[in-house]
$ cat structure23.pdb   # PDB, C-alpha atoms, pLDDT in the B column
MODEL        1
ATOM      1  CA  LYS A   8      57.097   6.133-126.182  1.00 56.00           C
ATOM      2  CA  GLY A   9      53.976   4.186-125.266  1.00 67.00           C
ATOM      3  CA  LYS A  10      55.127   3.585-121.703  1.00 80.00           C
ATOM      4  CA  ILE A  11      52.683   4.060-118.874  1.00 85.00           C
ATOM      5  CA  PRO A  12      54.115   6.165-116.038  1.00 88.00           C
ATOM      6  CA  ASN A  13      54.670   4.314-112.797  1.00 88.00           C
ATOM      7  CA  LEU A  14      52.822   6.564-110.356  1.00 91.00           C
ATOM      8  CA  PRO A  15      52.865   6.031-106.588  1.00 93.00           C
ATOM      9  CA  ALA A  16      49.673   4.373-105.337  1.00 94.00           C
ATOM     10  CA  SER A  17      48.850   7.463-103.260  1.00 95.00           C
ATOM     11  CA  GLU A  18      48.964   9.696-106.364  1.00 95.00           C
ATOM     12  CA  VAL A  19      46.745   7.298-108.307  1.00 96.00           C
ATOM     13  CA  GLN A  20      44.230   7.225-105.444  1.00 96.00           C
ATOM     14  CA  ASN A  21      44.311  11.014-105.009  1.00 97.00           C
ATOM     15  CA  ARG A  22      43.754  11.675-108.733  1.00 97.00           C
ATOM     16  CA  MET A  23      40.898   9.176-108.885  1.00 97.00           C
ATOM     17  CA  GLN A  24      39.231  10.656-105.793  1.00 97.00           C
ATOM     18  CA  SER A  25      39.650  14.226-106.992  1.00 97.00           C
ATOM     19  CA  VAL A  26      38.014  13.458-110.332  1.00 97.00           C
ATOM     20  CA  ALA A  27      35.257  11.357-108.736  1.00 97.00           C
ATOM     21  CA  ASN A  28      34.439  14.255-106.396  1.00 97.00           C
ATOM     22  CA  ARG A  29      33.770  16.444-109.440  1.00 96.00           C
ATOM     23  CA  ILE A  30      32.156  13.930-111.807  1.00 97.00           C
ATOM     24  CA  GLY A  31      29.883  12.325-109.197  1.00 97.00           C
ATOM     25  CA  PRO A  32      27.725  15.382-108.373  1.00 97.00           C
ATOM     26  CA  ALA A  33      27.588  16.525-112.005  1.00 96.00           C
ATOM     27  CA  GLY A  34      26.597  13.071-113.220  1.00 96.00           C
ATOM     28  CA  GLU A  35      24.022  12.709-110.473  1.00 96.00           C
ATOM     29  CA  ALA A  36      22.409  16.025-111.470  1.00 96.00           C
ATOM     30  CA  ILE A  37      22.268  14.997-115.134  1.00 96.00           C
ATOM     31  CA  CYS A  38      20.800  11.633-114.185  1.00 96.00           C
ATOM     32  CA  LYS A  39      18.046  13.285-112.141  1.00 96.00           C
ATOM     33  CA  ASP A  40      17.314  15.710-114.990  1.00 96.00           C
ATOM     34  CA  MET A  41      16.871  12.631-117.216  1.00 95.00           C
ATOM     35  CA  GLY A  42      14.339  11.235-114.735  1.00 95.00           C
ATOM     36  CA  GLY A  43      16.659   8.607-113.307  1.00 93.00           C
ATOM     37  CA  SER A  44      15.977   7.117-109.904  1.00 90.00           C
ATOM     38  CA  GLN A  45      19.323   5.382-109.225  1.00 91.00           C
ATOM     39  CA  CYS A  46      21.734   8.233-109.877  1.00 94.00           C
ATOM     40  CA  ARG A  47      24.568   7.686-107.407  1.00 95.00           C
ATOM     41  CA  PHE A  48      27.336   5.316-108.524  1.00 97.00           C
ATOM     42  CA  ARG A  49      30.418   4.095-106.684  1.00 97.00           C
ATOM     43  CA  PHE A  50      33.837   4.945-108.051  1.00 97.00           C
ATOM     44  CA  VAL A  51      36.192   1.981-107.757  1.00 98.00           C
ATOM     45  CA  LEU A  52      39.928   1.726-108.290  1.00 97.00           C
ATOM     46  CA  ALA A  53      40.767  -1.811-109.436  1.00 97.00           C
ATOM     47  CA  LYS A  54      43.766  -3.523-107.844  1.00 95.00           C
ATOM     48  CA  ASP A  55      45.618  -3.853-111.144  1.00 94.00           C
ATOM     49  CA  GLY A  56      45.175  -4.646-114.817  1.00 95.00           C
ATOM     50  CA  PRO A  57      45.853  -3.095-118.204  1.00 95.00           C
ATOM     51  CA  VAL A  58      44.704   0.383-119.243  1.00 96.00           C
ATOM     52  CA  ASN A  59      40.960  -0.044-118.839  1.00 98.00           C
ATOM     53  CA  ALA A  60      37.761   1.445-117.434  1.00 98.00           C
ATOM     54  CA  TRP A  61      34.252   0.052-117.268  1.00 98.00           C
ATOM     55  CA  ALA A  62      30.774   0.564-115.875  1.00 98.00           C
ATOM     56  CA  ASP A  63      28.439  -2.130-114.597  1.00 97.00           C
ATOM     57  CA  GLY A  64      25.275  -0.194-113.785  1.00 96.00           C
ATOM     58  CA  GLU A  65      26.265   0.251-110.138  1.00 96.00           C
ATOM     59  CA  SER A  66      29.832   1.509-110.259  1.00 97.00           C
ATOM     60  CA  ILE A  67      32.567   3.028-112.406  1.00 98.00           C
ATOM     61  CA  THR A  68      35.857   1.147-112.237  1.00 98.00           C
ATOM     62  CA  LEU A  69      39.255   2.291-113.470  1.00 98.00           C
ATOM     63  CA  THR A  70      42.551   0.466-113.319  1.00 97.00           C
ATOM     64  CA  PRO A  71      45.615   2.199-111.878  1.00 96.00           C
ATOM     65  CA  ALA A  72      47.131   1.892-115.361  1.00 96.00           C
ATOM     66  CA  MET A  73      44.254   3.969-116.793  1.00 97.00           C
ATOM     67  CA  VAL A  74      44.740   6.642-114.147  1.00 97.00           C
ATOM     68  CA  ALA A  75      48.479   6.751-114.876  1.00 96.00           C
ATOM     69  CA  PHE A  76      47.922   6.674-118.647  1.00 96.00           C
ATOM     70  CA  THR A  77      45.825   9.846-118.677  1.00 96.00           C
ATOM     71  CA  ALA A  78      48.049  12.902-119.067  1.00 93.00           C
ATOM     72  CA  SER A  79      45.890  15.191-116.930  1.00 96.00           C
ATOM     73  CA  ASP A  80      42.934  15.235-114.583  1.00 96.00           C
ATOM     74  CA  ALA A  81      40.875  16.595-117.494  1.00 97.00           C
ATOM     75  CA  GLU A  82      41.632  13.450-119.520  1.00 97.00           C
ATOM     76  CA  LEU A  83      40.861  11.272-116.503  1.00 98.00           C
ATOM     77  CA  ALA A  84      37.569  13.146-116.021  1.00 98.00           C
ATOM     78  CA  MET A  85      36.637  12.494-119.657  1.00 98.00           C
ATOM     79  CA  VAL A  86      37.208   8.751-119.246  1.00 98.00           C
ATOM     80  CA  THR A  87      35.286   8.730-115.966  1.00 98.00           C
ATOM     81  CA  ALA A  88      32.378  10.741-117.394  1.00 97.00           C
ATOM     82  CA  HIS A  89      32.229   8.404-120.394  1.00 98.00           C
ATOM     83  CA  GLU A  90      31.827   5.425-118.063  1.00 98.00           C
ATOM     84  CA  TYR A  91      29.281   7.314-115.964  1.00 97.00           C
ATOM     85  CA  ALA A  92      27.230   7.834-119.138  1.00 96.00           C
ATOM     86  CA  HIS A  93      27.183   4.077-119.724  1.00 96.00           C
ATOM     87  CA  ASN A  94      25.503   3.674-116.342  1.00 95.00           C
ATOM     88  CA  LEU A  95      22.910   6.326-117.226  1.00 93.00           C
ATOM     89  CA  LEU A  96      22.004   4.755-120.529  1.00 89.00           C
TER      90      LEU A  96
ENDMDL
END

$ encode --input "structure23.pdb" --output "structure tokens"
Amino acid sequence: KGKIPNLPASEVQNRMQSVANRIGPAGEAICKDMGGSQCRFRFVLAKDGPVNAWADGESITLTPAMVAFTASDAELAMVTAHEYAHNLL
């Protein structure tokens, strides 16, 4: 209980990319509807670190531990969309 699965790096990368491919266009459309001018953000997979995700106004970064911690791509998409919203606001 409470253990983070040890996923292969390729699976972590594939999950992150799959979710980014869905969140990116949706977030960009919402941003444009809000009148934003800088609506395209990079999705970055950190090298390591604890379960964490953050936004810096230019990118959305997740640690491999966060990707592994989420039980499904839907959970990972929620975390990613949450960070995307930080960049919009």

$ residues_around --input "structure23.pdb" --residues "stretch 27-31 of chain A" --least-positions-apart "3" --cutoff "7 Å" --atoms "all atoms listed in the file" --output "list in words"
Met23, Gln24, Gly34, Glu35, Phe50, Ala84 and Ala88 of chain A

$ resolve_selection --input "structure23.pdb" --expression "the PyMOL selection byres ((chain A and resi 67) around 12)" --output "PyMOL selection string"
chain A and resi 23+26-27+30-31+34+47-53+59-66+68-70+84+86-95

$ atom_distance --input "structure23.pdb" --atom1 "atom CA of A:Pro57" --atom2 "atom CA of A:Lys10"
12.0 Å

$ resolve_selection --input "structure23.pdb" --expression "the PyMOL selection byres ((chain A and resi 72) around 8)" --output "PyMOL selection string"
chain A and resi 11+55-59+70-71+73-76

$ atom_distance --input "structure23.pdb" --atom1 "atom CA of A:Asp80" --atom2 "atom CA of A:Arg22"
6.9 Å

$ atom_distance --input "structure23.pdb" --atom1 "atom CA of A:Thr77" --atom2 "atom CA of A:Val19"
10.7 Å

$ closest_residue --input "structure23.pdb" --among "A:Cys38, A:Leu14, A:Ala33, A:Leu96" --to "A:Ala78" --atoms "all atoms listed in the file"
A:Leu14

$ build_atoms --input "structure23.pdb" --residues "stretch 51-77 of chain A" --atoms "N, CA, C and O atoms" --output "tab-separated table (two decimals), in the frame of the given file"
chain	number	residue	atom	x	y	z
A	51	VAL	N	35.34	3.06	-108.25
A	51	VAL	CA	36.19	1.98	-107.76
A	51	VAL	C	37.53	2.02	-108.48
A	51	VAL	O	37.57	2.15	-109.70
A	52	LEU	N	38.60	1.87	-107.72
A	52	LEU	CA	39.93	1.73	-108.29
A	52	LEU	C	40.29	0.25	-108.22
A	52	LEU	O	40.38	-0.32	-107.13
A	53	ALA	N	40.42	-0.39	-109.39
A	53	ALA	CA	40.77	-1.81	-109.44
A	53	ALA	C	42.16	-2.01	-108.84
A	53	ALA	O	42.96	-1.08	-108.77
A	54	LYS	N	42.45	-3.23	-108.42
A	54	LYS	CA	43.77	-3.52	-107.84
A	54	LYS	C	44.87	-3.41	-108.88
A	54	LYS	O	45.94	-2.91	-108.60
A	55	ASP	N	44.62	-3.90	-110.08
A	55	ASP	CA	45.62	-3.85	-111.14
A	55	ASP	C	44.94	-4.13	-112.47
A	55	ASP	O	43.72	-4.14	-112.55
A	56	GLY	N	45.72	-4.35	-113.50
A	56	GLY	CA	45.18	-4.65	-114.82
A	56	GLY	C	45.71	-3.68	-115.85
A	56	GLY	O	46.36	-2.69	-115.54
A	57	PRO	N	45.40	-3.96	-117.11
A	57	PRO	CA	45.85	-3.10	-118.20
A	57	PRO	C	45.06	-1.78	-118.20
A	57	PRO	O	44.13	-1.60	-117.43
A	58	VAL	N	45.42	-0.89	-119.10
A	58	VAL	CA	44.70	0.38	-119.24
A	58	VAL	C	43.25	0.05	-119.58
A	58	VAL	O	42.97	-0.49	-120.65
A	59	ASN	N	42.35	0.34	-118.64
A	59	ASN	CA	40.96	-0.04	-118.84
A	59	ASN	C	40.06	0.73	-117.88
A	59	ASN	O	40.50	1.17	-116.81
A	60	ALA	N	38.81	0.86	-118.27
A	60	ALA	CA	37.76	1.44	-117.43
A	60	ALA	C	36.45	0.81	-117.87
A	60	ALA	O	36.29	0.47	-119.03
A	61	TRP	N	35.54	0.65	-116.92
A	61	TRP	CA	34.25	0.05	-117.27
A	61	TRP	C	33.18	0.47	-116.27
A	61	TRP	O	33.47	0.93	-115.18
A	62	ALA	N	31.94	0.28	-116.70
A	62	ALA	CA	30.77	0.56	-115.88
A	62	ALA	C	29.91	-0.68	-115.85
A	62	ALA	O	29.81	-1.39	-116.85
A	63	ASP	N	29.27	-0.93	-114.72
A	63	ASP	CA	28.44	-2.13	-114.60
A	63	ASP	C	27.01	-1.83	-114.14
A	63	ASP	O	26.29	-2.71	-113.71
A	64	GLY	N	26.61	-0.57	-114.22
A	64	GLY	CA	25.28	-0.19	-113.78
A	64	GLY	C	25.20	0.22	-112.33
A	64	GLY	O	24.23	0.85	-111.91
A	65	GLU	N	26.22	-0.11	-111.55
A	65	GLU	CA	26.26	0.25	-110.14
A	65	GLU	C	27.52	1.02	-109.77
A	65	GLU	O	27.56	1.71	-108.76
A	66	SER	N	28.57	0.86	-110.57
A	66	SER	CA	29.83	1.51	-110.26
A	66	SER	C	30.60	1.85	-111.53
A	66	SER	O	30.27	1.39	-112.62
A	67	ILE	N	31.62	2.68	-111.35
A	67	ILE	CA	32.57	3.03	-112.41
A	67	ILE	C	33.92	2.57	-111.90
A	67	ILE	O	34.34	2.96	-110.81
A	68	THR	N	34.58	1.71	-112.67
A	68	THR	CA	35.86	1.15	-112.24
A	68	THR	C	36.95	1.55	-113.22
A	68	THR	O	36.75	1.47	-114.43
A	69	LEU	N	38.08	1.97	-112.68
A	69	LEU	CA	39.26	2.29	-113.47
A	69	LEU	C	40.43	1.52	-112.91
A	69	LEU	O	40.52	1.31	-111.69
A	70	THR	N	41.32	1.11	-113.78
A	70	THR	CA	42.55	0.47	-113.32
A	70	THR	C	43.59	1.54	-113.01
A	70	THR	O	43.53	2.65	-113.57
A	71	PRO	N	44.53	1.24	-112.13
A	71	PRO	CA	45.62	2.20	-111.88
A	71	PRO	C	46.36	2.56	-113.16
A	71	PRO	O	46.79	3.70	-113.33
A	72	ALA	N	46.46	1.61	-114.09
A	72	ALA	CA	47.13	1.89	-115.36
A	72	ALA	C	46.37	2.96	-116.16
A	72	ALA	O	46.99	3.80	-116.81
A	73	MET	N	45.04	2.95	-116.11
A	73	MET	CA	44.25	3.97	-116.79
A	73	MET	C	44.49	5.33	-116.16
A	73	MET	O	44.67	6.33	-116.85
A	74	VAL	N	44.50	5.38	-114.84
A	74	VAL	CA	44.74	6.64	-114.15
A	74	VAL	C	46.11	7.19	-114.53
A	74	VAL	O	46.27	8.37	-114.84
A	75	ALA	N	47.12	6.32	-114.53
A	75	ALA	CA	48.48	6.75	-114.88
A	75	ALA	C	48.60	7.13	-116.35
A	75	ALA	O	49.36	8.03	-116.70
A	76	PHE	N	47.86	6.45	-117.20
A	76	PHE	CA	47.92	6.67	-118.65
A	76	PHE	C	47.41	8.05	-119.05
A	76	PHE	O	47.91	8.67	-119.98
A	77	THR	N	46.38	8.54	-118.34
A	77	THR	CA	45.82	9.85	-118.68
A	77	THR	C	46.83	10.93	-118.31
A	77	THR	O	47.43	10.91	-117.24
